[in-house]
Amino acid sequence: MNAPKLNDLCRQNIGWYLDKTTGDSIIEEWSLGSKAGLYFLWHKEDYCAQHERYHMTALYVGKGLVSRRFANHWISKDTSKQELIYFSFVPMANRIAKYIEQLLLDIYKFPLNKAENTGTKRLCAHFTQSEVD
């Protein structure tokens, strides 16, 4: 088995939901059902016209049943500054998701992760217009 590339982990199954100060979350509209794996929460920054991409900053990395985790984050995380929270997730076995999550926490600083987040680098990605629509 080949190790997954970070770019591939960040840019799969992209969606979004609203912060609770903005309105209902709409998480249930994504029909995530019982999908589980590794996921990221993102903040959309500026648009680069030259590369035709949005600069995205990772806010959180986690693992588990994504619909349940997103609903929990909607209730407990202060994302009022972002208002619109993007997510991406990769379905995978819990043991693998746990390993990759801890590896990322050791390398990158995620503003909304509190426990075991010793990393110092910032994780960014670039999404196309069609990926964020």
# chains A, B, ... in the order shown; residues from 1 in each chain; ligands from 1
$ residues_around --residues "A:Arg122" --least-positions-apart "6" --cutoff "9 Å" --atoms "only C-alpha atoms" --output "ChimeraX atom specification"
/A:57-58,107-110
$ select_by_dssp --residues "chain A" --states "strand (DSSP E)" --output "PyMOL selection string"
chain A and resi 15-18+36-48+53-65+84-91+124-127
$ write_last_selection --atoms "N, CA and C atoms" --output "tab-separated table (two decimals), in the first residue's frame"
chain	number	residue	atom	x	y	z
A	15	GLY	N	-16.96	20.05	1.35
A	15	GLY	CA	-18.28	20.63	1.58
A	15	GLY	C	-18.15	21.81	2.52
A	16	TRP	N	-19.27	22.29	3.03
A	16	TRP	CA	-19.24	23.42	3.94
A	16	TRP	C	-20.47	23.41	4.84
A	17	TYR	N	-20.39	24.16	5.93
A	17	TYR	CA	-21.54	24.39	6.79
A	17	TYR	C	-21.42	25.77	7.41
A	18	LEU	N	-22.52	26.26	7.97
A	18	LEU	CA	-22.57	27.60	8.55
A	18	LEU	C	-22.26	27.57	10.04
A	36	ALA	N	-17.05	7.54	7.88
A	36	ALA	CA	-16.05	7.80	8.92
A	36	ALA	C	-14.67	7.86	8.27
A	37	GLY	N	-13.78	8.57	8.94
A	37	GLY	CA	-12.42	8.66	8.45
A	37	GLY	C	-11.73	9.88	9.00
A	38	LEU	N	-10.77	10.38	8.26
A	38	LEU	CA	-9.99	11.56	8.61
A	38	LEU	C	-10.66	12.78	7.99
A	39	TYR	N	-10.74	13.89	8.74
A	39	TYR	CA	-11.35	15.08	8.19
A	39	TYR	C	-10.60	16.34	8.62
A	40	PHE	N	-10.84	17.40	7.86
A	40	PHE	CA	-10.26	18.72	8.13
A	40	PHE	C	-11.38	19.75	8.12
A	41	LEU	N	-11.23	20.79	8.94
A	41	LEU	CA	-12.05	21.98	8.85
A	41	LEU	C	-11.17	23.08	8.29
A	42	TRP	N	-11.72	23.89	7.37
A	42	TRP	CA	-10.94	24.89	6.64
A	42	TRP	C	-11.59	26.27	6.71
A	43	HIS	N	-10.76	27.28	6.60
A	43	HIS	CA	-11.22	28.65	6.42
A	43	HIS	C	-10.76	29.12	5.04
A	44	LYS	N	-11.70	29.65	4.26
A	44	LYS	CA	-11.39	30.13	2.91
A	44	LYS	C	-10.84	31.55	3.03
A	45	GLU	N	-9.63	31.72	2.52
A	45	GLU	CA	-8.96	33.02	2.55
A	45	GLU	C	-9.14	33.71	1.19
A	46	ASP	N	-8.15	34.40	0.74
A	46	ASP	CA	-8.20	35.15	-0.50
A	46	ASP	C	-8.18	34.27	-1.74
A	47	TYR	N	-8.68	34.85	-2.83
A	47	TYR	CA	-8.66	34.21	-4.13
A	47	TYR	C	-7.44	34.68	-4.91
A	48	CYS	N	-6.72	33.75	-5.53
A	48	CYS	CA	-5.57	34.09	-6.37
A	48	CYS	C	-6.01	33.96	-7.83
A	53	ARG	N	-7.37	29.85	-7.81
A	53	ARG	CA	-7.57	29.01	-6.63
A	53	ARG	C	-7.83	29.89	-5.41
A	54	TYR	N	-8.54	29.29	-4.43
A	54	TYR	CA	-8.71	29.92	-3.12
A	54	TYR	C	-7.67	29.37	-2.17
A	55	HIS	N	-7.08	30.25	-1.39
A	55	HIS	CA	-6.14	29.84	-0.35
A	55	HIS	C	-6.96	29.40	0.86
A	56	MET	N	-6.75	28.19	1.32
A	56	MET	CA	-7.48	27.62	2.44
A	56	MET	C	-6.51	27.36	3.59
A	57	THR	N	-6.91	27.72	4.79
A	57	THR	CA	-6.11	27.48	5.99
A	57	THR	C	-6.82	26.44	6.85
A	58	ALA	N	-6.10	25.39	7.24
A	58	ALA	CA	-6.68	24.34	8.07
A	58	ALA	C	-6.89	24.85	9.50
A	59	LEU	N	-8.10	24.64	9.99
A	59	LEU	CA	-8.46	25.03	11.35
A	59	LEU	C	-8.42	23.86	12.31
A	60	TYR	N	-8.67	22.66	11.80
A	60	TYR	CA	-8.84	21.49	12.67
A	60	TYR	C	-8.60	20.23	11.86
A	61	VAL	N	-8.05	19.22	12.51
A	61	VAL	CA	-7.96	17.89	11.93
A	61	VAL	C	-8.56	16.93	12.95
A	62	GLY	N	-9.29	15.95	12.47
A	62	GLY	CA	-9.90	14.99	13.38
A	62	GLY	C	-10.20	13.68	12.67
A	63	LYS	N	-10.80	12.78	13.41
A	63	LYS	CA	-11.17	11.48	12.86
A	63	LYS	C	-12.48	11.05	13.49
A	64	GLY	N	-13.15	10.15	12.84
A	64	GLY	CA	-14.38	9.61	13.39
A	64	GLY	C	-15.53	9.67	12.41
A	65	LEU	N	-16.73	9.50	12.93
A	65	LEU	CA	-17.96	9.57	12.16
A	65	LEU	C	-18.21	11.03	11.81
A	84	LEU	N	-18.50	30.71	7.58
A	84	LEU	CA	-18.68	29.59	6.67
A	84	LEU	C	-17.48	28.67	6.85
A	85	ILE	N	-17.73	27.43	7.26
A	85	ILE	CA	-16.67	26.48	7.54
A	85	ILE	C	-16.65	25.44	6.43
A	86	TYR	N	-15.52	25.31	5.79
A	86	TYR	CA	-15.35	24.26	4.77
A	86	TYR	C	-14.80	23.02	5.44
A	87	PHE	N	-15.14	21.87	4.90
A	87	PHE	CA	-14.59	20.62	5.40
A	87	PHE	C	-14.15	19.76	4.23
A	88	SER	N	-13.28	18.84	4.52
A	88	SER	CA	-12.92	17.79	3.58
A	88	SER	C	-12.70	16.54	4.40
A	89	PHE	N	-12.97	15.38	3.82
A	89	PHE	CA	-12.73	14.15	4.56
A	89	PHE	C	-12.39	13.01	3.62
A	90	VAL	N	-11.67	12.06	4.19
A	90	VAL	CA	-11.25	10.88	3.46
A	90	VAL	C	-11.73	9.67	4.24
A	91	PRO	N	-12.62	8.85	3.65
A	91	PRO	CA	-13.03	7.63	4.34
A	91	PRO	C	-11.83	6.70	4.50
A	124	CYS	N	-1.90	24.63	4.75
A	124	CYS	CA	-2.72	25.35	3.78
A	124	CYS	C	-2.94	24.46	2.56
A	125	ALA	N	-4.00	24.76	1.84
A	125	ALA	CA	-4.30	24.06	0.59
A	125	ALA	C	-4.87	25.11	-0.36
A	126	HIS	N	-5.04	24.72	-1.59
A	126	HIS	CA	-5.62	25.62	-2.59
A	126	HIS	C	-6.74	24.89	-3.31
A	127	PHE	N	-7.95	25.43	-3.20
A	127	PHE	CA	-9.13	24.81	-3.77
A	127	PHE	C	-9.61	25.64	-4.97
$ residues_around --residues "A:Ile27" --least-positions-apart "3" --cutoff "10 Å" --atoms "only C-alpha atoms" --output "list in words"
Gly15, Trp16, Tyr17, Leu18, Asp24, Trp30, Ser31, Leu32, Val66, Ser67, Arg68, Phe70, Ala71 and Trp74 of chain A
$ atom_distance --atom1 "atom CA of A:Gln82" --atom2 "atom CA of A:Lys114"
18.2 Å
$ select_by_dssp --residues "chain A" --states "alpha helix (DSSP H)" --output "mmCIF file with N, CA and C atoms, in the first residue's frame"
data_model
loop_
_atom_site.group_PDB
_atom_site.id
_atom_site.type_symbol
_atom_site.label_atom_id
_atom_site.label_comp_id
_atom_site.auth_asym_id
_atom_site.auth_seq_id
_atom_site.Cartn_x
_atom_site.Cartn_y
_atom_site.Cartn_z
ATOM 1 N N LEU A 6 -0.442 14.198 1.194
ATOM 2 C CA LEU A 6 -1.168 15.180 1.977
ATOM 3 C C LEU A 6 -2.151 15.962 1.103
ATOM 4 N N ASN A 7 -1.751 16.335 -0.097
ATOM 5 C CA ASN A 7 -2.641 17.052 -1.011
ATOM 6 C C ASN A 7 -3.911 16.255 -1.285
ATOM 7 N N ASP A 8 -3.769 14.950 -1.453
ATOM 8 C CA ASP A 8 -4.935 14.096 -1.703
ATOM 9 C C ASP A 8 -5.821 13.986 -0.471
ATOM 10 N N LEU A 9 -5.228 13.955 0.701
ATOM 11 C CA LEU A 9 -6.012 13.886 1.936
ATOM 12 C C LEU A 9 -6.834 15.155 2.140
ATOM 13 N N CYS A 10 -6.270 16.275 1.796
ATOM 14 C CA CYS A 10 -6.920 17.577 2.036
ATOM 15 C C CYS A 10 -8.033 17.890 1.055
ATOM 16 N N VAL A 66 -18.004 11.400 10.561
ATOM 17 C CA VAL A 66 -17.933 12.818 10.208
ATOM 18 C C VAL A 66 -19.224 13.579 10.488
ATOM 19 N N SER A 67 -20.380 13.027 10.215
ATOM 20 C CA SER A 67 -21.622 13.768 10.466
ATOM 21 C C SER A 67 -21.771 14.089 11.945
ATOM 22 N N ARG A 68 -21.448 13.158 12.796
ATOM 23 C CA ARG A 68 -21.539 13.376 14.247
ATOM 24 C C ARG A 68 -20.487 14.380 14.716
ATOM 25 N N ARG A 69 -19.280 14.253 14.199
ATOM 26 C CA ARG A 69 -18.200 15.155 14.602
ATOM 27 C C ARG A 69 -18.478 16.585 14.133
ATOM 28 N N PHE A 70 -18.966 16.758 12.891
ATOM 29 C CA PHE A 70 -19.277 18.098 12.401
ATOM 30 C C PHE A 70 -20.395 18.729 13.235
ATOM 31 N N ALA A 71 -21.414 17.948 13.574
ATOM 32 C CA ALA A 71 -22.502 18.473 14.412
ATOM 33 C C ALA A 71 -21.964 18.896 15.778
ATOM 34 N N ASN A 72 -21.061 18.118 16.344
ATOM 35 C CA ASN A 72 -20.444 18.453 17.632
ATOM 36 C C ASN A 72 -19.601 19.718 17.510
ATOM 37 N N HIS A 73 -18.828 19.842 16.443
ATOM 38 C CA HIS A 73 -18.012 21.041 16.235
ATOM 39 C C HIS A 73 -18.901 22.275 16.058
ATOM 40 N N TRP A 74 -20.023 22.108 15.371
ATOM 41 C CA TRP A 74 -20.943 23.222 15.160
ATOM 42 C C TRP A 74 -21.414 23.772 16.506
ATOM 43 N N ILE A 75 -21.660 22.869 17.454
ATOM 44 C CA ILE A 75 -22.120 23.265 18.784
ATOM 45 C C ILE A 75 -20.983 23.844 19.622
ATOM 46 N N SER A 76 -19.790 23.226 19.569
ATOM 47 C CA SER A 76 -18.747 23.529 20.560
ATOM 48 C C SER A 76 -17.609 24.439 20.090
ATOM 49 N N ASN A 94 -10.381 3.454 11.106
ATOM 50 C CA ASN A 94 -10.107 4.265 12.288
ATOM 51 C C ASN A 94 -8.633 4.232 12.686
ATOM 52 N N ARG A 95 -8.019 3.075 12.652
ATOM 53 C CA ARG A 95 -6.620 2.955 13.081
ATOM 54 C C ARG A 95 -5.696 3.803 12.190
ATOM 55 N N ILE A 96 -5.942 3.801 10.894
ATOM 56 C CA ILE A 96 -5.127 4.591 9.974
ATOM 57 C C ILE A 96 -5.409 6.078 10.170
ATOM 58 N N ALA A 97 -6.701 6.432 10.321
ATOM 59 C CA ALA A 97 -7.074 7.839 10.549
ATOM 60 C C ALA A 97 -6.438 8.357 11.832
ATOM 61 N N LYS A 98 -6.410 7.532 12.863
ATOM 62 C CA LYS A 98 -5.810 7.933 14.146
ATOM 63 C C LYS A 98 -4.315 8.202 13.983
ATOM 64 N N TYR A 99 -3.641 7.356 13.246
ATOM 65 C CA TYR A 99 -2.201 7.524 13.021
ATOM 66 C C TYR A 99 -1.917 8.811 12.241
ATOM 67 N N ILE A 100 -2.649 9.029 11.137
ATOM 68 C CA ILE A 100 -2.415 10.219 10.313
ATOM 69 C C ILE A 100 -2.783 11.482 11.082
ATOM 70 N N GLU A 101 -3.899 11.437 11.830
ATOM 71 C CA GLU A 101 -4.291 12.599 12.631
ATOM 72 C C GLU A 101 -3.179 12.992 13.601
ATOM 73 N N GLN A 102 -2.615 12.020 14.316
ATOM 74 C CA GLN A 102 -1.568 12.339 15.290
ATOM 75 C C GLN A 102 -0.305 12.856 14.600
ATOM 76 N N LEU A 103 0.033 12.282 13.469
ATOM 77 C CA LEU A 103 1.182 12.755 12.706
ATOM 78 C C LEU A 103 0.997 14.216 12.309
ATOM 79 N N LEU A 104 -0.183 14.563 11.808
ATOM 80 C CA LEU A 104 -0.463 15.942 11.419
ATOM 81 C C LEU A 104 -0.455 16.883 12.624
ATOM 82 N N LEU A 105 -0.987 16.437 13.756
ATOM 83 C CA LEU A 105 -0.975 17.250 14.976
ATOM 84 C C LEU A 105 0.449 17.505 15.473
ATOM 85 N N ASP A 106 1.343 16.565 15.217
ATOM 86 C CA ASP A 106 2.748 16.721 15.626
ATOM 87 C C ASP A 106 3.500 17.703 14.725
ATOM 88 N N ILE A 107 3.025 17.896 13.512
ATOM 89 C CA ILE A 107 3.721 18.753 12.547
ATOM 90 C C ILE A 107 3.071 20.133 12.422
ATOM 91 N N GLN A 129 -12.584 27.037 -7.662
ATOM 92 C CA GLN A 129 -13.936 27.565 -7.477
ATOM 93 C C GLN A 129 -14.949 26.434 -7.420
ATOM 94 N N SER A 130 -14.820 25.451 -8.301
ATOM 95 C CA SER A 130 -15.794 24.350 -8.304
ATOM 96 C C SER A 130 -15.709 23.515 -7.030
ATOM 97 N N GLU A 131 -14.560 23.442 -6.398
ATOM 98 C CA GLU A 131 -14.442 22.680 -5.153
ATOM 99 C C GLU A 131 -15.111 23.394 -3.975
ATOM 100 N N VAL A 132 -15.187 24.713 -4.007
ATOM 101 C CA VAL A 132 -15.783 25.440 -2.883
ATOM 102 C C VAL A 132 -17.248 25.839 -3.138
#
$ atom_distance --atom1 "atom CA of A:Ala115" --atom2 "atom CA of A:Asp78"
16.0 Å
$ atom_distance --atom1 "atom CA of A:Arg11" --atom2 "atom CA of A:Thr128"
10.0 Å
$ decode --residues "stretch 86-104 of chain A" --atoms "C-alpha atoms" --output "compact mmCIF listing (two decimals), in the first residue's frame"
# COMPACT_ATOMS: atom_id res chain seq x y z
CA TYR A 86 -15.35 24.26 4.77
CA PHE A 87 -14.59 20.62 5.40
CA SER A 88 -12.92 17.79 3.58
CA PHE A 89 -12.73 14.15 4.56
CA VAL A 90 -11.25 10.88 3.46
CA PRO A 91 -13.03 7.63 4.34
CA MET A 92 -10.57 5.27 5.99
CA ALA A 93 -10.20 2.77 8.79
CA ASN A 94 -10.11 4.27 12.29
CA ARG A 95 -6.62 2.96 13.08
CA ILE A 96 -5.13 4.59 9.97
CA ALA A 97 -7.07 7.84 10.55
CA LYS A 98 -5.81 7.93 14.15
CA TYR A 99 -2.20 7.52 13.02
CA ILE A 100 -2.41 10.22 10.31
CA GLU A 101 -4.29 12.60 12.63
CA GLN A 102 -1.57 12.34 15.29
CA LEU A 103 1.18 12.75 12.71
CA LEU A 104 -0.46 15.94 11.42
